[in-house]
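Just coords-v3.pdb here, PDB, C-alpha atoms:
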ATOM      1  CA  MET A 246      37.755  10.411  21.294  1.00  0.00           C
ATOM      2  CA  GLN A 247      36.296   9.662  17.930  1.00  0.00           C
ATOM      3  CA  LEU A 248      36.581   6.269  16.291  1.00  0.00           C
ATOM      4  CA  HIS A 249      37.236   6.194  12.615  1.00  0.00           C
ATOM      5  CA  PRO A 250      36.519   3.202  10.411  1.00  0.00           C
ATOM      6  CA  PRO A 251      39.637   1.496   9.056  1.00  0.00           C
ATOM      7  CA  PRO A 252      40.761   2.598   5.632  1.00  0.00           C
ATOM      8  CA  ARG A 253      39.375   0.524   2.752  1.00  0.00           C
ATOM      9  CA  SER A 254      42.789  -0.515   1.531  1.00  0.00           C
ATOM     10  CA  GLU A 255      43.333  -2.770   4.522  1.00  0.00           C
ATOM     11  CA  ALA A 256      42.253  -6.370   4.005  1.00  0.00           C
ATOM     12  CA  LEU A 257      39.673  -7.749   6.312  1.00  0.00           C
ATOM     13  CA  PRO A 258      40.548 -10.982   8.081  1.00  0.00           C
ATOM     14  CA  PRO A 259      38.890 -14.088   6.548  1.00  0.00           C
ATOM     15  CA  ARG A 260      35.534 -14.855   7.957  1.00  0.00           C
ATOM     16  CA  ARG A 261      35.641 -17.937  10.142  1.00  0.00           C
ATOM     17  CA  ARG A 262      32.926 -20.548  10.363  1.00  0.00           C
ATOM     18  CA  ARG A 263      31.115 -20.870  13.512  1.00  0.00           C
ATOM     19  CA  PRO A 264      31.944 -24.094  15.363  1.00  0.00           C
ATOM     20  CA  ASP A 265      28.333 -25.278  15.137  1.00  0.00           C
ATOM     21  CA  SER A 266      27.990 -24.765  11.360  1.00  0.00           C
ATOM     22  CA  GLY A 267      27.938 -27.805   8.985  1.00  0.00           C
ATOM     23  CA  PHE A 268      27.688 -28.780   5.336  1.00  0.00           C
ATOM     24  CA  THR A 269      24.809 -27.714   3.176  1.00  0.00           C
ATOM     25  CA  ILE A 270      22.332 -30.299   1.919  1.00  0.00           C
ATOM     26  CA  LEU A 271      23.644 -29.810  -1.625  1.00  0.00           C
ATOM     27  CA  GLU A 272      27.204 -30.670  -0.564  1.00  0.00           C
ATOM     28  CA  VAL A 273      26.035 -33.773   1.258  1.00  0.00           C
ATOM     29  CA  ALA A 274      23.900 -34.872  -1.724  1.00  0.00           C
ATOM     30  CA  MET A 275      26.801 -34.439  -4.171  1.00  0.00           C
ATOM     31  CA  ALA A 276      29.208 -36.358  -1.927  1.00  0.00           C
ATOM     32  CA  SER A 277      26.659 -39.158  -1.544  1.00  0.00           C
ATOM     33  CA  PHE A 278      26.135 -39.333  -5.320  1.00  0.00           C
ATOM     34  CA  VAL A 279      29.874 -39.529  -6.022  1.00  0.00           C
ATOM     35  CA  MET A 280      30.333 -42.239  -3.384  1.00  0.00           C
ATOM     36  CA  ALA A 281      27.356 -44.287  -4.664  1.00  0.00           C
ATOM     37  CA  PHE A 282      28.639 -44.011  -8.242  1.00  0.00           C
ATOM     38  CA  GLY A 283      32.087 -45.222  -7.160  1.00  0.00           C
ATOM     39  CA  ILE A 284      30.697 -48.201  -5.247  1.00  0.00           C
ATOM     40  CA  ALA A 285      28.362 -49.204  -8.100  1.00  0.00           C
ATOM     41  CA  SER A 286      31.196 -48.979 -10.635  1.00  0.00           C
ATOM     42  CA  SER A 287      33.491 -51.119  -8.516  1.00  0.00           C
ATOM     43  CA  ILE A 288      30.791 -53.772  -8.027  1.00  0.00           C
ATOM     44  CA  LEU A 289      30.202 -53.967 -11.795  1.00  0.00           C
ATOM     45  CA  ALA A 290      33.932 -54.240 -12.424  1.00  0.00           C
ATOM     46  CA  MET A 291      34.250 -57.034  -9.852  1.00  0.00           C
ATOM     47  CA  GLN A 292      31.340 -58.965 -11.404  1.00  0.00           C
ATOM     48  CA  SER A 293      32.923 -58.716 -14.829  1.00  0.00           C
ATOM     49  CA  GLY A 294      36.238 -59.875 -13.408  1.00  0.00           C
ATOM     50  CA  PHE A 295      34.653 -62.868 -11.664  1.00  0.00           C
ATOM     51  CA  ARG A 296      32.900 -63.871 -14.913  1.00  0.00           C
ATOM     52  CA  SER A 297      36.212 -63.692 -16.777  1.00  0.00           C
ATOM     53  CA  ILE A 298      37.941 -65.793 -14.114  1.00  0.00           C
ATOM     54  CA  ASP A 299      35.165 -68.392 -14.263  1.00  0.00           C
ATOM     55  CA  VAL A 300      35.395 -68.678 -18.057  1.00  0.00           C
ATOM     56  CA  ALA A 301      39.203 -68.890 -17.861  1.00  0.00           C
ATOM     57  CA  ARG A 302      38.978 -71.632 -15.221  1.00  0.00           C
ATOM     58  CA  GLY A 303      36.483 -73.560 -17.374  1.00  0.00           C
ATOM     59  CA  THR A 304      38.657 -73.152 -20.459  1.00  0.00           C
ATOM     60  CA  THR A 305      41.680 -74.464 -18.572  1.00  0.00           C
ATOM     61  CA  LEU A 306      39.781 -77.505 -17.336  1.00  0.00           C
ATOM     62  CA  ALA A 307      38.372 -78.112 -20.827  1.00  0.00           C
ATOM     63  CA  SER A 308      41.913 -77.999 -22.228  1.00  0.00           C
ATOM     64  CA  GLN A 309      43.068 -80.516 -19.622  1.00  0.00           C
ATOM     65  CA  ILE A 310      40.155 -82.805 -20.467  1.00  0.00           C
ATOM     66  CA  MET A 311      40.959 -82.661 -24.173  1.00  0.00           C
ATOM     67  CA  GLN A 312      44.672 -83.242 -23.564  1.00  0.00           C
ATOM     68  CA  SER A 313      43.950 -86.213 -21.330  1.00  0.00           C
ATOM     69  CA  GLU A 314      41.610 -87.795 -23.888  1.00  0.00           C
ATOM     70  CA  ILE A 315      44.037 -87.236 -26.768  1.00  0.00           C
ATOM     71  CA  GLU A 316      46.859 -88.829 -24.747  1.00  0.00           C
ATOM     72  CA  ARG A 317      44.588 -91.789 -23.971  1.00  0.00           C
ATOM     73  CA  LEU A 318      43.803 -92.167 -27.699  1.00  0.00           C
ATOM     74  CA  ARG A 319      47.482 -91.986 -28.658  1.00  0.00           C
ATOM     75  CA  LEU A 320      48.090 -95.155 -26.672  1.00  0.00           C
ATOM     76  CA  LYS A 321      45.580 -97.083 -28.786  1.00  0.00           C
ATOM     77  CA  SER A 322      46.506 -99.183 -31.761  1.00  0.00           C
ATOM     78  CA  TRP A 323      45.351 -98.348 -35.289  1.00  0.00           C
ATOM     79  CA  ALA A 324      42.772-101.155 -35.118  1.00  0.00           C
ATOM     80  CA  GLU A 325      41.295 -99.652 -31.932  1.00  0.00           C
ATOM     81  CA  ILE A 326      41.155 -96.190 -33.517  1.00  0.00           C
ATOM     82  CA  VAL A 327      39.413 -97.490 -36.636  1.00  0.00           C
ATOM     83  CA  ALA A 328      36.894 -99.301 -34.396  1.00  0.00           C
ATOM     84  CA  LEU A 329      35.877 -96.064 -32.634  1.00  0.00           C
ATOM     85  CA  PRO A 330      32.311 -94.970 -33.390  1.00  0.00           C
ATOM     86  CA  GLU A 331      31.914 -91.962 -35.646  1.00  0.00           C
ATOM     87  CA  LYS A 332      30.423 -89.951 -32.758  1.00  0.00           C
ATOM     88  CA  ALA A 333      30.401 -90.865 -29.070  1.00  0.00           C
ATOM     89  CA  ALA A 334      30.242 -89.299 -25.631  1.00  0.00           C
ATOM     90  CA  VAL A 335      33.376 -89.561 -23.511  1.00  0.00           C
ATOM     91  CA  ASP A 336      33.206 -90.492 -19.821  1.00  0.00           C
ATOM     92  CA  VAL A 337      34.909 -87.652 -17.963  1.00  0.00           C
ATOM     93  CA  THR A 338      34.661 -89.156 -14.478  1.00  0.00           C
ATOM     94  CA  THR A 339      37.859 -91.165 -14.992  1.00  0.00           C
ATOM     95  CA  MET A 340      39.787 -87.938 -15.613  1.00  0.00           C
ATOM     96  CA  PHE A 341      38.657 -86.320 -12.347  1.00  0.00           C
ATOM     97  CA  SER A 342      38.688 -89.200  -9.915  1.00  0.00           C
ATOM     98  CA  ALA A 343      39.672 -86.903  -7.028  1.00  0.00           C
ATOM     99  CA  ASN A 344      36.741 -84.548  -7.589  1.00  0.00           C
ATOM    100  CA  PRO A 345      33.769 -86.078  -9.425  1.00  0.00           C
ATOM    101  CA  ALA A 346      31.766 -82.840  -8.989  1.00  0.00           C
ATOM    102  CA  ILE A 347      34.014 -81.183 -11.571  1.00  0.00           C
ATOM    103  CA  ALA A 348      33.403 -84.011 -14.028  1.00  0.00           C
ATOM    104  CA  SER A 349      29.646 -83.473 -13.829  1.00  0.00           C
ATOM    105  CA  GLN A 350      30.046 -79.890 -15.096  1.00  0.00           C
ATOM    106  CA  PHE A 351      31.573 -80.924 -18.446  1.00  0.00           C
ATOM    107  CA  SER A 352      30.259 -82.971 -21.343  1.00  0.00           C
ATOM    108  CA  VAL A 353      32.641 -84.326 -23.956  1.00  0.00           C
ATOM    109  CA  VAL A 354      31.820 -85.620 -27.432  1.00  0.00           C
ATOM    110  CA  ARG A 355      34.387 -87.294 -29.669  1.00  0.00           C
ATOM    111  CA  THR A 356      34.083 -87.668 -33.427  1.00  0.00           C
ATOM    112  CA  SER A 357      36.278 -89.914 -35.533  1.00  0.00           C
ATOM    113  CA  VAL A 358      36.044 -89.642 -39.304  1.00  0.00           C
ATOM    114  CA  GLU A 359      38.143 -91.019 -42.107  1.00  0.00           C
ATOM    115  CA  ASP A 360      40.098 -88.611 -44.314  1.00  0.00           C
ATOM    116  CA  GLY A 361      38.459 -88.759 -47.749  1.00  0.00           C
ATOM    117  CA  SER A 362      41.711 -88.189 -49.619  1.00  0.00           C
ATOM    118  CA  ARG A 363      43.571 -90.972 -47.730  1.00  0.00           C
ATOM    119  CA  PRO A 364      41.031 -93.675 -46.858  1.00  0.00           C
ATOM    120  CA  GLY A 365      42.314 -96.381 -44.544  1.00  0.00           C
ATOM    121  CA  GLU A 366      45.413 -94.321 -43.723  1.00  0.00           C
ATOM    122  CA  VAL A 367      44.295 -91.223 -41.800  1.00  0.00           C
ATOM    123  CA  ARG A 368      41.475 -90.439 -39.369  1.00  0.00           C
ATOM    124  CA  PHE A 369      40.519 -87.054 -37.976  1.00  0.00           C
ATOM    125  CA  ILE A 370      39.556 -87.087 -34.314  1.00  0.00           C
ATOM    126  CA  THR A 371      37.762 -84.058 -32.898  1.00  0.00           C
ATOM    127  CA  LEU A 372      36.864 -83.454 -29.255  1.00  0.00           C
ATOM    128  CA  TYR A 373      34.138 -81.017 -28.198  1.00  0.00           C
ATOM    129  CA  VAL A 374      33.976 -80.009 -24.542  1.00  0.00           C
ATOM    130  CA  THR A 375      30.901 -78.101 -23.363  1.00  0.00           C
ATOM    131  CA  TRP A 376      30.182 -76.557 -19.953  1.00  0.00           C
ATOM    132  CA  ARG A 377      28.091 -73.833 -18.343  1.00  0.00           C
ATOM    133  CA  SER A 378      29.752 -70.973 -16.542  1.00  0.00           C
ATOM    134  CA  ALA A 379      28.455 -69.492 -13.278  1.00  0.00           C
ATOM    135  CA  ASP A 380      26.317 -66.968 -15.178  1.00  0.00           C
ATOM    136  CA  GLY A 381      24.529 -69.792 -17.032  1.00  0.00           C
ATOM    137  CA  LEU A 382      26.130 -69.253 -20.445  1.00  0.00           C
ATOM    138  CA  SER A 383      27.176 -72.322 -22.401  1.00  0.00           C
ATOM    139  CA  HIS A 384      30.779 -72.507 -23.614  1.00  0.00           C
ATOM    140  CA  THR A 385      32.346 -74.976 -26.044  1.00  0.00           C
ATOM    141  CA  ARG A 386      35.960 -75.622 -26.887  1.00  0.00           C
ATOM    142  CA  SER A 387      37.175 -78.105 -29.478  1.00  0.00           C
ATOM    143  CA  PHE A 388      40.390 -79.801 -30.479  1.00  0.00           C
ATOM    144  CA  ARG A 389      41.068 -81.633 -33.735  1.00  0.00           C
ATOM    145  CA  THR A 390      43.933 -83.978 -34.388  1.00  0.00           C
ATOM    146  CA  MET A 391      45.000 -86.277 -37.191  1.00  0.00           C
ATOM    147  CA  TYR A 392      45.755 -89.915 -36.444  1.00  0.00           C
ATOM    148  CA  ALA A 393      47.754 -91.732 -39.126  1.00  0.00           C
ATOM    149  CA  LYS A 394      48.289 -95.437 -39.635  1.00  0.00           C
ATOM    150  CA  ASN A 395      51.902 -96.331 -38.751  1.00  0.00           C
ATOM    151  CA  GLY A 396      52.299 -92.843 -37.305  1.00  0.00           C
ATOM    152  CA  LEU A 397      53.911 -91.661 -34.093  1.00  0.00           C
ATOM    153  CA  TYR A 398      51.538 -93.703 -31.930  1.00  0.00           C
ATOM    154  CA  ASP A 399      52.974 -96.923 -33.414  1.00  0.00           C
ATOM    155  CA  TYR A 400      56.369 -96.226 -31.843  1.00  0.00           C
ATOM    156  CA  TYR A 401      54.855 -95.891 -28.370  1.00  0.00           C
ATOM    157  CA  TYR A 402      52.421 -98.736 -28.869  1.00  0.00           C
ATOM    158  CA  THR A 403      55.088-101.281 -29.797  1.00  0.00           C
ATOM    159  CA  LEU A 404      57.327-100.233 -26.860  1.00  0.00           C
ATOM    160  CA  ALA A 405      54.498-100.535 -24.342  1.00  0.00           C
ATOM    161  CA  HIS A 406      53.652-104.129 -25.298  1.00  0.00           C
TER     162      HIS A 406
END

Could you spell out this file's structure in structure tokens?
Amino acid sequence: MQLHPPPRSEALPPRRRRPDSGFTILEVAMASFVMAFGIASSILAMQSGFRSIDVARGTTLASQIMQSEIERLRLKSWAEIVALPEKAAVDVTTMFSANPAIASQFSVVRTSVEDGSRPGEVRFITLYVTWRSADGLSHTRSFRTMYAKNGLYDYYYTLAH
């Protein structure tokens, strides 16, 4: 009996890997590079996100500080407002009595200047809140309001006394 090779038109079965074969060094290197790139990118994205959260938290606290100081000033009479120094530091510890560590992170400066076009009638009060974020950068937020003689504060002031 004579064996003939199979005709060429028949497809050969796919070659199977041997059970003890593995990945080539190039495949392992490429997979490692892709994984390292993914981890590094996610770490950078997380750091950026944490910085943004820290600045947002600081901005929120600065806004609360400014709001608290403005509300405190609104309860003062016109004579007390006129007597304010042109520029002064504000004690923040009274605003954060539950957590004095937060108060030590912020510095507040208040300016009070007379409106040149309406002397004796209007004062501009500006608050500047400054703090350092976790990355060491300094941030400042400010708020400016107008305080008028016989203005809205007078209604509250006369009711409180």

Evaluate the PyMOL selection byres ((chain A and resi 283-300) around 12) and report residues as a CSV table (one decimal) with C-alpha atoms, keeping the file's coordinate frame:
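Final output, out-v6.csv:
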chain,number,residue,atom,x,y,z
A,276,ALA,CA,29.2,-36.4,-1.9
A,277,SER,CA,26.7,-39.2,-1.5
A,278,PHE,CA,26.1,-39.3,-5.3
A,279,VAL,CA,29.9,-39.5,-6.0
A,280,MET,CA,30.3,-42.2,-3.4
A,281,ALA,CA,27.4,-44.3,-4.7
A,282,PHE,CA,28.6,-44.0,-8.2
A,301,ALA,CA,39.2,-68.9,-17.9
A,302,ARG,CA,39.0,-71.6,-15.2
A,303,GLY,CA,36.5,-73.6,-17.4
A,304,THR,CA,38.7,-73.2,-20.5
A,305,THR,CA,41.7,-74.5,-18.6
A,306,LEU,CA,39.8,-77.5,-17.3
A,307,ALA,CA,38.4,-78.1,-20.8
A,375,THR,CA,30.9,-78.1,-23.4
A,376,TRP,CA,30.2,-76.6,-20.0
A,377,ARG,CA,28.1,-73.8,-18.3
A,378,SER,CA,29.8,-71.0,-16.5
A,379,ALA,CA,28.5,-69.5,-13.3
A,380,ASP,CA,26.3,-67.0,-15.2
A,381,GLY,CA,24.5,-69.8,-17.0
A,382,LEU,CA,26.1,-69.3,-20.4
A,383,SER,CA,27.2,-72.3,-22.4
A,384,HIS,CA,30.8,-72.5,-23.6
A,385,THR,CA,32.3,-75.0,-26.0
A,386,ARG,CA,36.0,-75.6,-26.9

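Picked out by the PyMOL selection byres ((chain A and resi 366) around 7) when it runs on this file: Arg363, Pro364, Gly365, Val367, Ala393 and Lys394 of chain A.
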
Output C-alpha atoms for every residue in that selection, as an mmCIF file, keeping the file's coordinate frame.
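What ended up in part_3.cif:
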data_model
loop_
_atom_site.group_PDB
_atom_site.id
_atom_site.type_symbol
_atom_site.label_atom_id
_atom_site.label_comp_id
_atom_site.auth_asym_id
_atom_site.auth_seq_id
_atom_site.Cartn_x
_atom_site.Cartn_y
_atom_site.Cartn_z
ATOM 1 C CA ARG A 363 43.571 -90.972 -47.730
ATOM 2 C CA PRO A 364 41.031 -93.675 -46.858
ATOM 3 C CA GLY A 365 42.314 -96.381 -44.544
ATOM 4 C CA VAL A 367 44.295 -91.223 -41.800
ATOM 5 C CA ALA A 393 47.754 -91.732 -39.126
ATOM 6 C CA LYS A 394 48.289 -95.437 -39.635
#

Close residues, segment 387-391 of chain A itself excluded, 10 Å, only C-alpha atoms, min 5 positions apart in chain, as a list of chain:residue names | A:Ala307, A:Ser308, A:Met311, A:Gln312, A:Ile315, A:Val353, A:Val354, A:Arg355, A:Thr356, A:Ser357, A:Val358, A:Glu359, A:Asp360, A:Val367, A:Arg368, A:Phe369, A:Ile370, A:Thr371, A:Leu372, A:Tyr373, A:Val374, A:Thr375, A:Gly396

Would you mind listing, for every residue of segment 307-330 of chain A within 10 Å of segment 340-348 of chain A, the two atoms forming the shortest contact and the distance between them in Å to one decimal, using all atoms listed in the file, sorted by chain and ascending residue number, as JSON lines?
{"residue": "A:Gln309", "atom": "CA", "partner": "A:Met340", "partner_atom": "CA", "distance": 9.1}
{"residue": "A:Ile310", "atom": "CA", "partner": "A:Met340", "partner_atom": "CA", "distance": 7.1}
{"residue": "A:Ser313", "atom": "CA", "partner": "A:Met340", "partner_atom": "CA", "distance": 7.3}
{"residue": "A:Glu314", "atom": "CA", "partner": "A:Met340", "partner_atom": "CA", "distance": 8.5}

Go ahead and dump the residues you just picked, C-alpha atoms, as a short mmCIF file (atom, residue, chain, number, x, y, z; two decimals), in the frame of the given file.
data_model
loop_
_atom_site.label_atom_id
_atom_site.label_comp_id
_atom_site.auth_asym_id
_atom_site.auth_seq_id
_atom_site.Cartn_x
_atom_site.Cartn_y
_atom_site.Cartn_z
CA GLN A 309 43.07 -80.52 -19.62
CA ILE A 310 40.16 -82.80 -20.47
CA SER A 313 43.95 -86.21 -21.33
CA GLU A 314 41.61 -87.80 -23.89
#

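We find atom CA of Gln350 of chain A and atom CA of Ile326 of chain A to be spaced 27.0 Å apart.
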
Just need the box for segment 353-368 of chain A, edges along x, y and z, holding every atom the file lists for it with 4 Å tacked onto each side, so centre and edge lengths in Å to one decimal, as JSON.
{"center_x": 38.6, "center_y": -90.4, "center_z": -36.8, "size_x": 21.6, "size_y": 20.1, "size_z": 33.7}
